[in-house]
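S.K.: So that we are looking at the same thing, I have put the structure below in structure tokens.
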Amino acid sequence: MITGASRGLGEHISRALTNYGFNTLLCARDMDRLNELADEFNEQEPGDSVALPIDFHKPKTLRKISDAIPKQWPPISVLINNAGHYKPAPLEDTDLKTFEKHMDVNCRGPFILTRELLPKMAEIGGGFIANILAPGAVEGQSEHCAFNASKFALRGLTLSLAEEFYDRGVHLVAVNIHGEIDSEEKRTQQPDRDPSTFIDPRHVAREIIHLYEQPRGAWTRELDLRPSRH
Ligand SMILES: NC(=O)c1ccc[n+]([C@@H]2O[C@H](COP(=O)([O-])OP(=O)(O)OC[C@H]3O[C@@H](n4cnc5c(N)ncnc54)[C@H](OP(=O)(O)O)[C@@H]3O)[C@@H](O)[C@H]2O)c1
């Protein structure tokens, strides 16, 4: 299960996991794009891909997750909490609604999914959860109070559950993307920027596979990825 699969990093991670051979459950709000991706993956790969509408601002959609998973599928053993909401603003422009939106998408949603899936992973003796962070999960930045609070919280959730579940075979890892992810949109917005200063989302996806493959006894709990130039 990959959240935020409709574009950006989530799309790349979904592609990499599908290529690796997983059945992928692609989650986000934009169902047209998710169905397009699922069709593309199903044409190319032997694994099943299914699009699943999830809106983290509407928790009722989250309560139906179990019902939405195709019945013939084995239990979900991999969860990538990648969906993100990012609207930096000075404190004066950060009202409660803005704060709650960040918390909903970046922390409360991942908590609800984890609460549902993690105990089942432990029951079957193993699983893998990667939570995607940003520099704001470990350091302060001006005009980022809501976003950074939500990513700090997601980091706390990840590290606490990693401690609680490692001896039940579930590998939780906080993946901190310490830089800007490359995209066509970013290159258009910053035409003079050296592209090598961006992080290639395909390389992040490759790291996720690498983390998934780590043998028990040598698990990364927190990974910091950054470009070699900035
Ligand atoms: N981009 C960067 O430079 C950068 C840097 C460091 C860390 N990160 C982190 O990396 C992750 C991916 O970033 P990105 O830039 O690839 O993201 P993005 O292109 O902005 O895409 C965000 C994804 O989250 C989904 N999403 C947003 N609001 C949602 C909601 N209410 N309910 C369900 N899904 C929702 C979106 O899908 P729908 O709109 O279809 O719902 C989309 O698939 C995020 O966690 C971000 O914080 C990004």
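In the structure tokens, chains take letters A, B, ... by order of appearance, with residues numbered from 1 within each chain and ligands from 1 in the order shown.
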Could you pull the residues within 8 Å of Ile209 in chain A, counting only C-alpha atoms, minus those fewer than 3 positions along the same chain, as a list in words?

M.R.: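 The residues that qualify are Ala16, Leu17, Ala205, Arg206, Tyr212 and Glu213 of chain A.
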
S.K.: Excluding Ser150 in chain A and any residue of its chain fewer than 4 positions from it, enumerate the residues within 12 Å of it, using only C-alpha atoms, and give them as a ChimeraX atom specification.

M.R.: /A:84-88,98-111,132-138,144-146,154-157

S.K.: If you keep N, CA and C atoms, can you produce a file of those selected residues as a compact mmCIF listing (two decimals), in the first residue's frame?

M.R.:
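Just written: selection-v1.txt:
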```
# COMPACT_ATOMS: atom_id res chain seq x y z
N GLY A 84 1.71 13.70 1.30
CA GLY A 84 2.15 14.86 2.07
C GLY A 84 1.34 16.10 1.74
N HIS A 85 1.13 16.93 2.77
CA HIS A 85 0.52 18.24 2.58
C HIS A 85 1.57 19.27 2.99
N TYR A 86 1.83 20.25 2.11
CA TYR A 86 2.92 21.20 2.37
C TYR A 86 2.49 22.60 1.98
N LYS A 87 2.14 23.41 2.99
CA LYS A 87 1.77 24.81 2.74
C LYS A 87 2.46 25.66 3.80
N PRO A 88 3.75 25.99 3.60
CA PRO A 88 4.45 26.78 4.61
C PRO A 88 3.86 28.18 4.71
N THR A 98 -5.47 25.23 8.98
CA THR A 98 -4.22 24.95 8.26
C THR A 98 -3.37 23.95 9.04
N PHE A 99 -3.29 24.19 10.36
CA PHE A 99 -2.50 23.30 11.22
C PHE A 99 -3.07 21.88 11.16
N GLU A 100 -4.40 21.79 11.28
CA GLU A 100 -5.05 20.46 11.30
C GLU A 100 -4.88 19.73 9.97
N LYS A 101 -4.92 20.48 8.87
CA LYS A 101 -4.73 19.84 7.55
C LYS A 101 -3.37 19.16 7.48
N HIS A 102 -2.34 19.85 7.95
CA HIS A 102 -1.00 19.24 7.96
C HIS A 102 -0.98 18.00 8.84
N MET A 103 -1.58 18.13 10.02
CA MET A 103 -1.57 16.98 10.93
C MET A 103 -2.36 15.81 10.33
N ASP A 104 -3.49 16.10 9.68
CA ASP A 104 -4.34 15.04 9.10
C ASP A 104 -3.58 14.22 8.07
N VAL A 105 -2.96 14.92 7.11
CA VAL A 105 -2.33 14.21 5.99
C VAL A 105 -0.98 13.62 6.41
N ASN A 106 -0.21 14.39 7.17
CA ASN A 106 1.18 13.99 7.42
C ASN A 106 1.35 13.11 8.64
N CYS A 107 0.35 13.07 9.53
CA CYS A 107 0.53 12.25 10.72
C CYS A 107 -0.70 11.42 11.12
N ARG A 108 -1.88 12.06 11.16
CA ARG A 108 -3.07 11.33 11.61
C ARG A 108 -3.44 10.20 10.64
N GLY A 109 -3.35 10.50 9.32
CA GLY A 109 -3.63 9.48 8.29
C GLY A 109 -2.68 8.29 8.44
N PRO A 110 -1.36 8.55 8.45
CA PRO A 110 -0.43 7.45 8.66
C PRO A 110 -0.71 6.67 9.95
N PHE A 111 -1.12 7.39 11.03
CA PHE A 111 -1.44 6.66 12.27
C PHE A 111 -2.61 5.71 12.06
N ILE A 132 7.70 8.68 5.07
CA ILE A 132 8.53 9.67 4.37
C ILE A 132 8.52 11.00 5.12
N LEU A 133 9.72 11.41 5.51
CA LEU A 133 9.88 12.66 6.27
C LEU A 133 10.52 13.73 5.41
N ALA A 134 10.74 14.87 6.02
CA ALA A 134 11.39 16.00 5.36
C ALA A 134 12.34 16.61 6.39
N PRO A 135 13.22 17.54 5.96
CA PRO A 135 14.14 18.13 6.94
C PRO A 135 13.42 18.68 8.17
N GLY A 136 12.18 19.14 7.95
CA GLY A 136 11.39 19.69 9.04
C GLY A 136 11.04 18.67 10.12
N ALA A 137 11.39 17.42 9.93
CA ALA A 137 11.14 16.41 10.97
C ALA A 137 12.25 16.39 12.02
N VAL A 138 13.35 17.06 11.71
CA VAL A 138 14.48 17.03 12.65
C VAL A 138 15.03 18.41 12.98
N HIS A 144 7.41 27.45 8.94
CA HIS A 144 7.06 26.05 8.67
C HIS A 144 6.42 25.39 9.90
N CYS A 145 5.80 26.16 10.78
CA CYS A 145 5.43 25.57 12.07
C CYS A 145 4.46 24.38 11.92
N ALA A 146 3.46 24.51 11.03
CA ALA A 146 2.46 23.43 10.93
C ALA A 146 3.06 22.20 10.24
N LEU A 154 5.28 12.63 12.92
CA LEU A 154 5.37 11.38 12.17
C LEU A 154 6.67 10.65 12.51
N ARG A 155 7.72 11.44 12.71
CA ARG A 155 9.01 10.82 13.09
C ARG A 155 8.89 10.14 14.45
N GLY A 156 8.22 10.83 15.39
CA GLY A 156 8.03 10.26 16.73
C GLY A 156 7.21 8.99 16.68
N LEU A 157 6.16 9.02 15.86
CA LEU A 157 5.31 7.83 15.68
C LEU A 157 6.15 6.66 15.13
```

S.K.: Mind checking which residues fall within 8 Å of Asn81 in chain A, counting only C-alpha atoms, ignoring those fewer than 3 positions away in the same chain, and posting them as a compact mmCIF listing (two decimals) with N, CA and C atoms, in the first residue's frame?

M.R.:
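Generated file (part-v8.txt):
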```
# COMPACT_ATOMS: atom_id res chain seq x y z
N ILE A 2 0.65 2.09 -0.99
CA ILE A 2 1.45 3.32 -1.09
C ILE A 2 0.48 4.50 -1.08
N THR A 3 0.67 5.43 -0.16
CA THR A 3 -0.18 6.62 -0.14
C THR A 3 0.50 7.74 -0.94
N GLY A 4 -0.32 8.63 -1.46
CA GLY A 4 0.23 9.70 -2.29
C GLY A 4 0.81 9.12 -3.57
N PRO A 110 -1.36 8.55 8.45
CA PRO A 110 -0.43 7.45 8.66
C PRO A 110 -0.71 6.67 9.95
N ILE A 129 7.25 -0.95 7.07
CA ILE A 129 6.57 0.35 6.96
C ILE A 129 7.62 1.44 6.81
N ALA A 130 7.55 2.20 5.71
CA ALA A 130 8.45 3.34 5.52
C ALA A 130 7.62 4.62 5.59
N ASN A 131 8.02 5.53 6.43
CA ASN A 131 7.33 6.81 6.54
C ASN A 131 8.24 7.91 6.00
N ILE A 132 7.70 8.68 5.07
CA ILE A 132 8.53 9.67 4.37
C ILE A 132 8.52 11.00 5.12
```

S.K.: Would you name the residues within 6 Å of ligand 1, counting only C-alpha atoms and all ligand atoms, and put them as a list in words?

M.R.: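 The residues near ligand 1 are Gly4, Ala5, Ser6, Arg7, Gly8, Leu9, Gly10, Ala28, Arg29, Asp30, Ile54, Asp55, Phe56, His57, Asn82, Ala83, Gly84, His85, Val105, Ile132, Leu133, Ala134, Ile177, His178, Gly179, Glu180 and Ile181 of chain A.
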
S.K.: Restrict the selected residues to N, CA and C atoms and save them as a PDB file, in the first residue's frame.

M.R.:
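What landed in result.pdb:
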```
ATOM      1  N   GLY A   4      -0.322   8.625  -1.460  1.00  0.00           N
ATOM      2  CA  GLY A   4       0.230   9.700  -2.294  1.00  0.00           C
ATOM      3  C   GLY A   4       0.811   9.125  -3.571  1.00  0.00           C
ATOM      4  N   ALA A   5       0.152   8.076  -4.100  1.00  0.00           N
ATOM      5  CA  ALA A   5       0.687   7.353  -5.263  1.00  0.00           C
ATOM      6  C   ALA A   5       0.373   8.045  -6.581  1.00  0.00           C
ATOM      7  N   SER A   6      -0.454   9.095  -6.542  1.00  0.00           N
ATOM      8  CA  SER A   6      -0.943   9.669  -7.803  1.00  0.00           C
ATOM      9  C   SER A   6       0.088  10.517  -8.540  1.00  0.00           C
ATOM     10  N   ARG A   7       1.130  10.952  -7.832  1.00  0.00           N
ATOM     11  CA  ARG A   7       2.148  11.763  -8.524  1.00  0.00           C
ATOM     12  C   ARG A   7       3.418  11.819  -7.681  1.00  0.00           C
ATOM     13  N   GLY A   8       4.426  12.539  -8.208  1.00  0.00           N
ATOM     14  CA  GLY A   8       5.643  12.801  -7.442  1.00  0.00           C
ATOM     15  C   GLY A   8       6.335  11.529  -6.965  1.00  0.00           C
ATOM     16  N   LEU A   9       6.909  11.622  -5.785  1.00  0.00           N
ATOM     17  CA  LEU A   9       7.674  10.496  -5.245  1.00  0.00           C
ATOM     18  C   LEU A   9       6.830   9.223  -5.121  1.00  0.00           C
ATOM     19  N   GLY A  10       5.573   9.385  -4.699  1.00  0.00           N
ATOM     20  CA  GLY A  10       4.707   8.214  -4.505  1.00  0.00           C
ATOM     21  C   GLY A  10       4.522   7.421  -5.789  1.00  0.00           C
ATOM     22  N   ALA A  28      -4.740   7.630  -3.036  1.00  0.00           N
ATOM     23  CA  ALA A  28      -4.706   9.110  -3.086  1.00  0.00           C
ATOM     24  C   ALA A  28      -6.141   9.564  -3.352  1.00  0.00           C
ATOM     25  N   ARG A  29      -6.325  10.856  -3.682  1.00  0.00           N
ATOM     26  CA  ARG A  29      -7.681  11.341  -3.975  1.00  0.00           C
ATOM     27  C   ARG A  29      -7.971  11.337  -5.472  1.00  0.00           C
ATOM     28  N   ASP A  30      -6.940  11.560  -6.292  1.00  0.00           N
ATOM     29  CA  ASP A  30      -7.144  11.716  -7.733  1.00  0.00           C
ATOM     30  C   ASP A  30      -7.322  10.336  -8.390  1.00  0.00           C
ATOM     31  N   ILE A  54      -8.453   7.547  -1.153  1.00  0.00           N
ATOM     32  CA  ILE A  54      -8.277   7.870   0.266  1.00  0.00           C
ATOM     33  C   ILE A  54      -8.160   9.379   0.370  1.00  0.00           C
ATOM     34  N   ASP A  55      -8.947   9.971   1.249  1.00  0.00           N
ATOM     35  CA  ASP A  55      -8.774  11.393   1.542  1.00  0.00           C
ATOM     36  C   ASP A  55      -8.515  11.519   3.036  1.00  0.00           C
ATOM     37  N   PHE A  56      -7.327  11.935   3.388  1.00  0.00           N
ATOM     38  CA  PHE A  56      -6.954  11.998   4.801  1.00  0.00           C
ATOM     39  C   PHE A  56      -7.716  13.074   5.573  1.00  0.00           C
ATOM     40  N   HIS A  57      -8.392  13.981   4.832  1.00  0.00           N
ATOM     41  CA  HIS A  57      -9.239  14.956   5.532  1.00  0.00           C
ATOM     42  C   HIS A  57     -10.609  14.377   5.824  1.00  0.00           C
ATOM     43  N   ASN A  82       3.582   8.006   2.272  1.00  0.00           N
ATOM     44  CA  ASN A  82       4.288   9.016   1.484  1.00  0.00           C
ATOM     45  C   ASN A  82       3.464  10.285   1.271  1.00  0.00           C
ATOM     46  N   ALA A  83       2.133  10.179   1.309  1.00  0.00           N
ATOM     47  CA  ALA A  83       1.286  11.358   1.023  1.00  0.00           C
ATOM     48  C   ALA A  83       1.724  12.531   1.896  1.00  0.00           C
ATOM     49  N   GLY A  84       1.714  13.703   1.304  1.00  0.00           N
ATOM     50  CA  GLY A  84       2.149  14.857   2.073  1.00  0.00           C
ATOM     51  C   GLY A  84       1.341  16.098   1.745  1.00  0.00           C
ATOM     52  N   HIS A  85       1.133  16.927   2.767  1.00  0.00           N
ATOM     53  CA  HIS A  85       0.521  18.244   2.579  1.00  0.00           C
ATOM     54  C   HIS A  85       1.569  19.271   2.988  1.00  0.00           C
ATOM     55  N   VAL A 105      -2.964  14.923   7.114  1.00  0.00           N
ATOM     56  CA  VAL A 105      -2.331  14.207   5.995  1.00  0.00           C
ATOM     57  C   VAL A 105      -0.983  13.622   6.412  1.00  0.00           C
ATOM     58  N   ILE A 132       7.700   8.677   5.068  1.00  0.00           N
ATOM     59  CA  ILE A 132       8.525   9.666   4.366  1.00  0.00           C
ATOM     60  C   ILE A 132       8.515  10.996   5.123  1.00  0.00           C
ATOM     61  N   LEU A 133       9.723  11.415   5.513  1.00  0.00           N
ATOM     62  CA  LEU A 133       9.876  12.657   6.271  1.00  0.00           C
ATOM     63  C   LEU A 133      10.524  13.734   5.406  1.00  0.00           C
ATOM     64  N   ALA A 134      10.744  14.866   6.020  1.00  0.00           N
ATOM     65  CA  ALA A 134      11.386  16.001   5.362  1.00  0.00           C
ATOM     66  C   ALA A 134      12.337  16.614   6.391  1.00  0.00           C
ATOM     67  N   ILE A 177      13.899  12.811   3.564  1.00  0.00           N
ATOM     68  CA  ILE A 177      14.355  13.346   2.272  1.00  0.00           C
ATOM     69  C   ILE A 177      14.897  14.747   2.539  1.00  0.00           C
ATOM     70  N   HIS A 178      16.215  14.853   2.581  1.00  0.00           N
ATOM     71  CA  HIS A 178      16.829  16.113   2.994  1.00  0.00           C
ATOM     72  C   HIS A 178      17.238  16.914   1.774  1.00  0.00           C
ATOM     73  N   GLY A 179      16.245  17.418   1.051  1.00  0.00           N
ATOM     74  CA  GLY A 179      16.522  18.192  -0.156  1.00  0.00           C
ATOM     75  C   GLY A 179      15.263  18.254  -0.983  1.00  0.00           C
ATOM     76  N   GLU A 180      15.365  18.872  -2.149  1.00  0.00           N
ATOM     77  CA  GLU A 180      14.172  18.993  -3.011  1.00  0.00           C
ATOM     78  C   GLU A 180      14.143  17.887  -4.052  1.00  0.00           C
ATOM     79  N   ILE A 181      12.983  17.270  -4.188  1.00  0.00           N
ATOM     80  CA  ILE A 181      12.838  16.175  -5.142  1.00  0.00           C
ATOM     81  C   ILE A 181      12.687  16.738  -6.557  1.00  0.00           C
TER      82      ILE A 181
END
```

S.K.: Calculate how many Å separate CA of Gln44 in chain A from CA of Ile65 in chain A, rounding to one decimal.

M.R.: 26.0 Å

S.K.: Counting only C-alpha atoms, which residue out of A:Ile124, A:Leu52, A:Ile13, A:Val173 sits closest to Leu26 in chain A?

M.R.: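 Closest to Leu26 in chain A, using only C-alpha atoms: A:Leu52.
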
S.K.: Out of A:Gln141, A:Ser77, A:Ser228, A:Asn19, which residue has the shortest atom-to-atom distance to Lys120 in chain A when counting only C-alpha atoms?

M.R.: A:Ser77
